[in-house]
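Text of protein39.csv, listed as CSV, C-alpha atoms:
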chain,number,residue,atom,x,y,z
A,19,MET,CA,-6.3,11.9,14.8
A,20,ASN,CA,-3.7,14.7,14.3
A,21,TYR,CA,-0.8,14.2,11.9
A,22,LEU,CA,2.6,15.7,11.6
A,23,ALA,CA,3.8,16.6,8.1
A,24,TYR,CA,7.6,16.5,7.7
A,25,THR,CA,9.1,18.3,4.7
A,26,PHE,CA,12.5,16.9,3.7
A,27,ASP,CA,14.8,18.8,1.3
A,28,CYS,CA,17.3,16.3,0.0
A,29,ASN,CA,20.5,17.1,-2.0
A,30,PRO,CA,20.7,15.1,-4.2
A,31,PRO,CA,16.9,14.4,-4.3
A,32,LYS,CA,17.4,10.8,-5.6
A,33,PRO,CA,18.2,8.3,-4.4
A,34,LEU,CA,18.4,10.1,-1.1
A,35,SER,CA,14.7,10.7,-0.7
A,36,GLU,CA,13.9,7.1,-1.7
A,37,ILE,CA,16.1,5.6,0.9
A,38,LEU,CA,14.8,8.1,3.5
A,39,VAL,CA,11.2,7.0,2.7
A,40,SER,CA,12.1,3.4,3.3
A,41,GLN,CA,13.5,4.3,6.7
A,42,LEU,CA,10.6,6.6,7.7
A,43,ALA,CA,8.1,3.9,6.9
A,44,GLU,CA,9.7,1.7,9.6
A,45,ILE,CA,9.1,4.3,12.3
A,46,GLY,CA,5.4,4.9,11.7
A,47,PHE,CA,5.2,7.2,8.7
A,48,GLU,CA,2.1,6.3,6.7
A,49,SER,CA,2.1,8.3,3.6
A,50,PHE,CA,4.6,10.2,1.4
A,51,GLU,CA,4.3,12.9,-1.3
A,52,GLU,CA,7.3,13.3,-3.7
A,53,THR,CA,8.5,16.8,-4.3
A,54,GLN,CA,11.1,18.3,-6.7
A,55,THR,CA,13.5,18.7,-3.9
A,56,GLY,CA,12.7,15.6,-1.8
A,57,VAL,CA,9.6,14.3,0.0
A,58,VAL,CA,6.9,15.1,2.4
A,59,GLY,CA,6.1,12.4,5.0
A,60,TYR,CA,3.1,12.1,7.2
A,61,VAL,CA,3.1,10.4,10.6
A,62,PRO,CA,0.3,10.1,13.3
A,63,GLU,CA,1.0,12.5,16.2
A,64,ASN,CA,0.7,9.7,18.7
A,65,LEU,CA,3.3,7.6,16.9
A,66,HIS,CA,5.7,10.5,16.3
A,67,ASN,CA,9.2,10.5,17.9
A,68,SER,CA,11.4,13.3,16.8
A,69,ALA,CA,14.5,11.5,18.0
A,70,ASP,CA,13.8,8.6,15.6
A,71,VAL,CA,13.4,11.1,12.7
A,72,ALA,CA,16.7,12.7,13.5
A,73,THR,CA,18.3,9.3,13.6
A,74,CYS,CA,17.0,8.4,10.2
A,75,VAL,CA,18.4,11.6,8.8
A,76,LYS,CA,21.8,11.2,10.5
A,77,MET,CA,22.2,7.7,9.1
A,78,LEU,CA,22.2,9.2,5.6
A,79,GLU,CA,24.7,12.0,6.3
A,80,GLY,CA,27.4,10.4,4.1
A,81,MET,CA,25.1,10.3,1.1
A,82,GLY,CA,24.2,14.0,0.9
A,83,ASP,CA,22.5,16.8,2.8
A,84,ILE,CA,19.0,16.6,4.3
A,85,LYS,CA,17.2,19.6,5.8
A,86,PHE,CA,13.7,19.1,7.3
A,87,LYS,CA,10.9,20.9,9.1
A,88,SER,CA,7.6,19.7,10.6
A,89,GLU,CA,4.1,21.0,10.8
A,90,LEU,CA,1.1,19.8,12.8
A,91,ILE,CA,-2.0,19.0,10.7
A,92,PRO,CA,-5.2,18.9,12.6
A,93,ASP,CA,-7.4,15.9,11.6
A,94,GLN,CA,-10.4,18.1,10.6
A,95,ASN,CA,-8.4,19.8,7.9
A,96,TRP,CA,-7.2,16.7,6.1
A,97,ASN,CA,-10.1,16.0,3.8
A,98,ALA,CA,-10.4,19.6,2.7
A,99,VAL,CA,-6.7,19.5,1.7
A,100,TRP,CA,-7.2,16.2,-0.2
A,101,GLU,CA,-10.3,17.5,-2.0
A,102,SER,CA,-8.4,20.5,-3.4
A,103,GLU,CA,-5.3,18.5,-4.4
A,104,TYR,CA,-6.4,14.9,-5.0
A,105,PRO,CA,-6.1,14.0,-8.7
A,106,VAL,CA,-7.6,10.9,-10.4
A,107,VAL,CA,-5.4,7.9,-11.1
A,108,THR,CA,-5.7,5.9,-14.3
A,109,ILE,CA,-4.0,2.5,-14.9
A,110,GLY,CA,-3.9,2.1,-18.7
A,111,ASP,CA,-7.2,2.9,-20.4
A,112,LYS,CA,-9.4,0.5,-18.4
A,113,CYS,CA,-9.1,1.5,-14.7
A,114,ILE,CA,-9.6,4.7,-12.8
A,115,VAL,CA,-9.3,5.4,-9.1
A,116,ARG,CA,-11.1,8.6,-8.1
A,117,ALA,CA,-12.7,10.5,-5.3
A,118,PRO,CA,-16.5,10.8,-5.2
A,119,PHE,CA,-16.2,14.5,-6.2
A,120,HIS,CA,-14.6,13.6,-9.5
A,121,ARG,CA,-17.2,13.1,-12.3
A,122,ILE,CA,-16.7,10.8,-15.3
A,123,GLU,CA,-19.0,9.5,-18.0
A,124,ALA,CA,-20.8,6.3,-17.3
A,125,GLY,CA,-19.0,3.3,-18.9
A,126,GLU,CA,-15.9,5.4,-19.6
A,127,TYR,CA,-13.7,2.9,-17.7
A,128,ASP,CA,-14.2,-0.8,-17.3
A,129,LEU,CA,-13.0,-0.6,-13.7
A,130,ASP,CA,-14.2,2.5,-11.8
A,131,ILE,CA,-13.1,2.6,-8.1
A,132,GLN,CA,-14.2,5.5,-5.8
A,133,ILE,CA,-12.0,6.1,-2.8
A,134,ASN,CA,-12.9,8.7,-0.2
A,135,PRO,CA,-9.4,10.1,0.3
A,136,GLN,CA,-7.7,9.6,3.6
A,137,MET,CA,-4.1,9.7,4.8
A,138,SER,CA,-2.7,6.4,3.4
A,139,PHE,CA,-0.9,4.8,0.5
A,140,GLY,CA,-4.1,3.2,-0.7
A,141,THR,CA,-5.4,5.8,-3.1
A,142,GLY,CA,-3.5,4.7,-6.2
A,143,HIS,CA,-1.2,7.7,-6.2
A,144,HIS,CA,1.6,5.9,-4.6
A,145,GLU,CA,3.8,3.7,-6.8
A,146,THR,CA,3.2,0.5,-4.8
A,147,THR,CA,-0.6,0.7,-5.0
A,148,PHE,CA,-0.4,1.5,-8.7
A,149,LEU,CA,1.9,-1.5,-9.3
A,150,VAL,CA,-0.4,-4.0,-7.5
A,151,LEU,CA,-3.5,-2.6,-9.3
A,152,SER,CA,-1.6,-3.1,-12.6
A,153,MET,CA,-0.9,-6.8,-11.6
A,154,LEU,CA,-4.5,-7.4,-10.7
A,155,LEU,CA,-5.7,-6.1,-14.0
A,156,LYS,CA,-3.6,-8.8,-15.7
A,157,MET,CA,-5.0,-11.7,-13.6
A,158,ASP,CA,-8.1,-13.8,-14.0
A,159,LEU,CA,-9.8,-13.3,-10.7
A,160,LYS,CA,-13.2,-14.7,-11.5
A,161,ASN,CA,-14.5,-16.7,-8.5
A,162,VAL,CA,-11.2,-16.7,-6.6
A,163,SER,CA,-10.9,-16.2,-2.9
A,164,LEU,CA,-8.6,-13.3,-2.0
A,165,LEU,CA,-7.1,-11.7,1.1
A,166,ASP,CA,-5.8,-8.1,1.2
A,167,MET,CA,-3.5,-7.8,4.2
A,168,GLY,CA,-2.7,-4.3,5.2
A,169,SER,CA,-5.6,-3.0,3.2
A,170,GLY,CA,-5.4,0.7,4.0
A,171,THR,CA,-8.3,2.3,2.2
A,172,GLY,CA,-9.4,-1.0,0.8
A,173,VAL,CA,-8.7,0.0,-2.8
A,174,LEU,CA,-7.0,-3.3,-3.7
A,175,ALA,CA,-9.7,-5.4,-2.2
A,176,ILE,CA,-12.4,-3.4,-3.9
A,177,ALA,CA,-10.6,-3.7,-7.2
A,178,ALA,CA,-10.3,-7.5,-6.8
A,179,ARG,CA,-14.0,-7.8,-6.0
A,180,LYS,CA,-15.0,-5.7,-9.0
A,181,LEU,CA,-12.7,-7.9,-11.2
A,182,GLY,CA,-14.6,-11.0,-10.2
A,183,ALA,CA,-13.2,-12.3,-7.0
A,184,ALA,CA,-16.0,-14.1,-5.2
A,185,ASP,CA,-14.8,-14.1,-1.6
A,186,VAL,CA,-12.7,-11.1,-0.5
A,187,MET,CA,-11.3,-10.3,3.0
A,188,ALA,CA,-9.6,-7.0,3.8
A,189,ILE,CA,-7.5,-6.8,7.0
A,190,ASP,CA,-5.7,-3.8,8.6
A,191,SER,CA,-4.4,-3.1,12.1
A,192,GLU,CA,-5.3,0.6,12.1
A,193,ASP,CA,-8.7,1.8,13.3
A,194,TRP,CA,-8.8,4.6,10.7
A,195,ALA,CA,-8.1,2.1,7.9
A,196,TYR,CA,-10.8,-0.3,9.1
A,197,LYS,CA,-13.3,2.5,9.2
A,198,ASN,CA,-12.2,4.0,5.9
A,199,THR,CA,-12.4,0.6,4.2
A,200,LEU,CA,-15.9,0.1,5.4
A,201,GLU,CA,-16.8,3.5,4.0
A,202,ASN,CA,-15.2,2.8,0.6
A,203,VAL,CA,-16.8,-0.7,0.4
A,204,GLU,CA,-20.2,0.9,0.8
A,205,LEU,CA,-19.3,3.7,-1.6
A,206,ASN,CA,-18.4,1.1,-4.3
A,207,ASN,CA,-21.4,-1.1,-3.5
A,208,VAL,CA,-19.4,-4.3,-3.1
A,209,ASP,CA,-19.5,-7.2,-0.7
A,210,ILE,CA,-16.2,-7.5,1.2
A,211,HIS,CA,-15.4,-8.9,4.7
A,212,VAL,CA,-13.5,-6.2,6.6
A,213,HIS,CA,-11.5,-7.2,9.7
A,214,LYS,CA,-9.3,-5.2,12.2
A,215,ALA,CA,-6.2,-7.2,13.2
A,216,GLU,CA,-2.4,-7.1,13.1
A,217,THR,CA,-2.0,-10.6,11.7
A,218,ILE,CA,-4.1,-13.1,9.7
A,219,PRO,CA,-6.5,-14.8,12.2
A,220,GLN,CA,-5.5,-18.4,12.9
A,221,ASP,CA,-9.0,-19.6,11.9
A,222,SER,CA,-8.9,-17.9,8.5
A,223,PRO,CA,-9.4,-20.1,5.5
A,224,VAL,CA,-6.8,-20.6,2.8
A,225,TYR,CA,-7.0,-18.2,-0.2
A,226,ASP,CA,-6.3,-18.4,-3.9
A,227,VAL,CA,-4.7,-15.0,-3.8
A,228,ILE,CA,-3.1,-12.9,-1.1
A,229,LEU,CA,-2.1,-9.3,-1.5
A,230,ALA,CA,0.2,-7.4,0.9
A,231,ASN,CA,1.3,-3.8,0.2
A,232,ILE,CA,3.1,-3.1,3.5
A,233,ASN,CA,6.8,-2.3,4.4
A,234,LYS,CA,9.6,-4.8,4.0
A,235,ASN,CA,10.1,-5.7,7.6
A,236,VAL,CA,6.4,-6.5,8.2
A,237,LEU,CA,6.3,-8.6,5.0
A,238,VAL,CA,9.2,-10.6,6.2
A,239,GLN,CA,7.6,-11.2,9.6
A,240,LEU,CA,4.3,-12.3,8.0
A,241,MET,CA,5.8,-14.6,5.3
A,242,ALA,CA,5.2,-17.8,7.3
A,243,SER,CA,1.6,-16.8,7.8
A,244,PHE,CA,1.1,-16.0,4.1
A,245,ALA,CA,2.4,-19.5,3.3
A,246,VAL,CA,0.0,-21.1,5.7
A,247,HIS,CA,-3.1,-19.3,4.4
A,248,LEU,CA,-2.3,-19.5,0.7
A,249,LYS,CA,-3.5,-22.5,-1.3
A,250,GLU,CA,-1.1,-24.8,-3.2
A,251,GLY,CA,-0.5,-23.1,-6.5
A,252,GLY,CA,-1.9,-19.9,-5.2
A,253,THR,CA,-0.6,-16.4,-5.9
A,254,LEU,CA,1.1,-14.0,-3.5
A,255,ILE,CA,1.5,-10.4,-4.5
A,256,LEU,CA,3.8,-8.3,-2.4
A,257,SER,CA,4.7,-4.6,-2.5
A,258,GLY,CA,5.7,-1.7,-0.3
A,259,PHE,CA,9.4,-1.9,-0.8
A,260,PHE,CA,12.2,-0.8,-3.1
A,261,GLN,CA,13.8,-2.6,-6.1
A,262,SER,CA,16.9,-3.1,-4.0
A,263,ASP,CA,14.9,-5.2,-1.5
A,264,ILE,CA,13.7,-7.8,-4.0
A,265,ASP,CA,16.5,-10.4,-3.5
A,266,GLU,CA,16.1,-10.3,0.3
A,267,ILE,CA,12.3,-10.7,0.1
A,268,ALA,CA,12.4,-13.4,-2.6
A,269,GLU,CA,15.0,-15.4,-0.6
A,270,LYS,CA,12.8,-15.2,2.5
A,271,ALA,CA,9.7,-16.3,0.6
A,272,SER,CA,11.5,-19.3,-1.0
A,273,LYS,CA,12.0,-20.8,2.4
A,274,TYR,CA,8.2,-21.2,2.5
A,275,ASN,CA,7.9,-22.6,-1.0
A,276,LEU,CA,6.8,-19.2,-2.3
A,277,PHE,CA,8.7,-18.6,-5.6
A,278,LEU,CA,9.1,-15.4,-7.6
A,279,ILE,CA,7.6,-15.5,-11.1
A,280,ASP,CA,7.2,-11.8,-12.0
A,281,ARG,CA,8.0,-8.3,-10.9
A,282,GLU,CA,7.0,-4.8,-11.7
A,283,ILE,CA,9.1,-1.6,-11.0
A,284,LYS,CA,8.0,2.0,-10.9
A,285,ASN,CA,10.3,4.8,-9.7
A,286,SER,CA,12.5,2.3,-7.8
A,287,TRP,CA,9.5,0.8,-6.0
A,288,ALA,CA,8.7,-2.8,-6.6
A,289,ALA,CA,5.9,-5.3,-6.7
A,290,LEU,CA,6.4,-9.1,-6.8
A,291,GLU,CA,4.2,-12.0,-7.9
A,292,LEU,CA,5.0,-15.3,-6.3
A,293,LYS,CA,3.5,-18.8,-6.6
A,294,LYS,CA,3.2,-21.4,-3.8
A,295,GLU,CA,4.6,-24.7,-4.9
A,296,ASN,CA,4.0,-28.1,-3.4
A,297,SER,CA,6.1,-28.6,-0.3
Would you mind writing the file out in C-alpha cells?
Amino acid sequence: MNYLAYTFDCNPPKPLSEILVSQLAEIGFESFEETQTGVVGYVPENLHNSADVATCVKMLEGMGDIKFKSELIPDQNWNAVWESEYPVVTIGDKCIVRAPFHRIEAGEYDLDIQINPQMSFGTGHHETTFLVLSMLLKMDLKNVSLLDMGSGTGVLAIAARKLGAADVMAIDSEDWAYKNTLENVELNNVDIHVHKAETIPQDSPVYDVILANINKNVLVQLMASFAVHLKEGGTLILSGFFQSDIDEIAEKASKYNLFLIDREIKNSWAALELKKENS
C-alpha cells in the first residue's frame, strides 16, 4: 500500500498542530510525527482526499497559519525508512519496545517487546501507546482475559500477554494491521488470538480488561459494545484522544456504568482507566 506524507508547518506550532492531528485522525490519517514546526501525517493513498485535508486546515484559520505539502511514499520504501530512523522506546527502567535490529543484553529489561516497524501508532513512540503501556505496567494482569480493540501492531496485546494475561484477543479492521500483528506475535513468541473486524464480534466472551487506543469518535461509537463485553468490575483503558476530550468521553462512558478512576497525560494526549460498576 502506498502512503502520502503530509508535512504541516504550523504557526504557532502548539496547540495548532495538536488540534490538527485530532482532525486528521478523523479523515483516515494513521500516524503522525511531531516536528519543531508542526507535524508530519501519513495517510493511505486509497483513503486520501485532498479536499478533506484542505477543509481541516481551513477550519483552523482563525488560530494561526498552516502551510503544508504532500509527498507520495511507495510502500516498498517504508521499512527502510523506519530501520534508519526508528529509535527504541523505554517506559521506566523495566520495559523496552524495540525493532528486531536493535540489540540489548539478555535480561536487561523485565519486559522486552519486539515490534517490526510499520506505519501505525502502535510502536510505543506515540504518546497514546506510551500511556497505555504505562498503565498496563501498573496493573496485575496475571491470568486475566483481555481484549485489545484497534490493536495496530499488536504491541499492547503482546505486552499484556507477557505481563501474565492468560487469554488475549487482538482485533483490528485494517488488513495491514492484522498481518503485522500476526508477524509481531510470532516475533515475540506469544500466544494471542488475532481477528480482523471493525467491531467486537457478537459471540465474543466478556473480558476482565479491554484496551482501545483509537480516535475519539470511534471510541464513542464502540462504548456500548465495550460495556457489553466487559465483566462487572472489569477495567476499560481508553486512549487516542486529547486531554480536552476527557470530559466528553467520561460522560459517554458513565451512561454505560463505566466510571473514570484514573487518567494519564503526556503532551496533551490522554489515557483513561475506567471501571464497570453493577448496573
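What separates CA of Glu79 in chain A from CA of Glu36 in chain A is a distance of 14.3 Å.
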Contact residues around range 68-75 of chain A with only C-alpha atoms at 8 Å, ignoring same-chain residues under 2 positions, as a VMD selection string: chain A and resid 38 41 to 42 45 66 77 to 79 84
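Note that the spacing between CA of Lys249 in chain A and CA of Gly182 in chain A amounts to 18.3 Å.
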Of the residues A:Asp226, A:Asp280, A:Glu145, A:Glu51, which is the one nearest to Leu248 in chain A, using all atoms listed in the file? A:Asp226
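Closest to Leu254 in chain A among A:Asp166, A:Glu126, A:Glu89, A:Asp221 is A:Asp166, based on only C-alpha atoms.
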Contacts of Leu200 in chain A within 9 Å, only C-alpha atoms, excl. fewer than 2 positions in-chain, as a VMD selection string: chain A and resid 171 to 172 195 to 198 202 to 205 210 212
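With CA of Ile218 in chain A on one side and CA of Asn67 in chain A on the other, the separation reads 28.3 Å.
The closest residue to Val150 in chain A, picked from A:Lys76, A:His247, A:Lys270, A:Lys284 and counting all atoms listed in the file, is A:Lys284.
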Ala288 in chain A surroundings by only C-alpha atoms, 12 Å radius, close-in-sequence under 5 positions cut, as a PyMOL selection string: chain A and resi 144-150+152-153+231-234+255-265+267-268+280-283
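For the set A:Met167, A:Val58, A:Asp128, A:Pro219, the residue with the smallest atom-to-atom gap to Lys180 in chain A is A:Asp128, counting all atoms listed in the file.
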Using only C-alpha atoms: which of A:Ile228, A:Val107, A:Lys32, A:Leu181 has the shortest distance to Leu165 in chain A: A:Ile228
